[in-house]
Amino acid sequence: MLERGRALMEQGHLKRALAIAEIALDADRSDPDAIALNAEILEKMATEERSFIARNFYLAAARDSRGKMKP
């Protein structure tokens with residue numbers, strides 16, 4: 001599932017990739033690969049977002065996601 005999400009992200013289908021990453025997170029909230037992919041997609045979405053409000057929303061969600069990773 002994560003491979004599919006990453007492939008979609010690389011193809012530029014960020015919303016679809018995020019939906020798959022969220023499904024993977026729902027299956028296991030502690031999966032570091034799912035957390036990292038989710039954050040990576042959100043950060044990529046932020047870089048492509050023109051609205052500073054939406055950009056900050058994506059960046060905050062990515063930061064929150066990365067904060068859930070165990071050191």
# chains A, B, ... in the order shown; residues from 1 in each chain; ligands from 1
>>> residues_around(residues="Met1 of chain A", least_positions_apart="5", cutoff="10 Å", atoms="only C-alpha atoms", output="list in words")
Arg6, Ala7, Ala17, Ile20, Ala21, Ile23, Ala24 and Ala34 of chain A
>>> residues_around(residues="Ala62 of chain A", least_positions_apart="2", cutoff="7 Å", atoms="only C-alpha atoms", output="list in words")
Ala39, Leu42, Glu43, Tyr58, Leu59, Ala60, Asp64, Ser65 and Arg66 of chain A
>>> write_last_selection(atoms="all heavy atoms", output="compact mmCIF listing (two decimals), in the first residue's frame")
# COMPACT_ATOMS: atom_id res chain seq x y z
N ALA A 39 3.89 12.46 6.04
CA ALA A 39 4.54 13.76 6.23
C ALA A 39 5.18 14.24 4.93
O ALA A 39 5.08 15.43 4.59
CB ALA A 39 5.58 13.66 7.34
N LEU A 42 2.48 15.57 2.63
CA LEU A 42 1.99 16.86 3.11
C LEU A 42 2.98 17.98 2.82
O LEU A 42 2.60 19.09 2.42
CB LEU A 42 1.68 16.77 4.60
CG LEU A 42 0.44 15.96 4.96
CD1 LEU A 42 0.44 15.63 6.45
CD2 LEU A 42 -0.82 16.71 4.57
N GLU A 43 4.27 17.69 3.01
CA GLU A 43 5.29 18.71 2.72
C GLU A 43 5.33 19.04 1.23
O GLU A 43 5.48 20.21 0.86
CB GLU A 43 6.65 18.23 3.22
CG GLU A 43 6.75 18.20 4.73
CD GLU A 43 7.90 17.39 5.27
OE1 GLU A 43 8.55 16.64 4.51
OE2 GLU A 43 8.13 17.49 6.48
N TYR A 58 -0.81 22.41 5.75
CA TYR A 58 -0.08 21.20 5.34
C TYR A 58 1.21 21.03 6.13
O TYR A 58 1.55 19.92 6.55
CB TYR A 58 0.22 21.23 3.84
CG TYR A 58 -0.99 21.13 2.95
CD1 TYR A 58 -1.11 21.94 1.82
CD2 TYR A 58 -2.01 20.23 3.20
CE1 TYR A 58 -2.21 21.85 0.98
CE2 TYR A 58 -3.12 20.13 2.37
CZ TYR A 58 -3.21 20.95 1.27
OH TYR A 58 -4.30 20.85 0.45
N LEU A 59 1.94 22.12 6.31
CA LEU A 59 3.21 22.04 7.04
C LEU A 59 2.98 21.67 8.51
O LEU A 59 3.74 20.89 9.08
CB LEU A 59 3.98 23.35 6.93
CG LEU A 59 4.56 23.63 5.53
CD1 LEU A 59 5.17 25.03 5.49
CD2 LEU A 59 5.58 22.58 5.15
N ALA A 60 1.94 22.23 9.11
CA ALA A 60 1.64 21.89 10.51
C ALA A 60 1.24 20.42 10.63
O ALA A 60 1.65 19.73 11.58
CB ALA A 60 0.52 22.79 11.04
N ASP A 64 3.23 17.64 12.75
CA ASP A 64 2.53 16.83 13.74
C ASP A 64 2.74 15.34 13.46
O ASP A 64 2.99 14.56 14.37
CB ASP A 64 1.03 17.16 13.71
CG ASP A 64 0.23 16.37 14.71
OD1 ASP A 64 0.59 16.43 15.93
OD2 ASP A 64 -0.71 15.69 14.31
N SER A 65 2.68 14.98 12.20
CA SER A 65 2.89 13.59 11.82
C SER A 65 4.29 13.13 12.17
O SER A 65 4.48 12.07 12.77
CB SER A 65 2.63 13.41 10.32
OG SER A 65 2.67 12.07 9.96
N ARG A 66 5.30 13.93 11.82
CA ARG A 66 6.68 13.55 12.13
C ARG A 66 6.93 13.51 13.64
O ARG A 66 7.75 12.72 14.11
CB ARG A 66 7.66 14.52 11.48
CG ARG A 66 7.71 14.35 9.97
CD ARG A 66 8.97 14.96 9.40
NE ARG A 66 8.95 14.97 7.96
CZ ARG A 66 9.30 13.95 7.19
NH1 ARG A 66 9.68 12.82 7.74
NH2 ARG A 66 9.26 14.06 5.87
>>> closest_residue(among="A:Arg63, A:Phe57, A:Glu49, A:Ile41", to="Met9 of chain A", atoms="only C-alpha atoms")
A:Ile41
>>> select_by_dssp(residues="chain A", states="helix (DSSP H, G or I)", output="JSON, numbers by chain")
{"A": [2, 3, 4, 5, 6, 7, 8, 9, 10, 14, 15, 16, 17, 18, 19, 20, 21, 22, 23, 24, 25, 26, 27, 32, 33, 34, 35, 36, 37, 38, 39, 40, 41, 42, 43, 44, 45, 46, 47, 48, 52, 53, 54, 55, 56, 57, 58, 59, 60, 61, 62, 63, 64, 65, 66, 67]}
>>> atom_distance(atom1="atom CA of Ser30 of chain A", atom2="atom CA of His13 of chain A")
24.6 Å
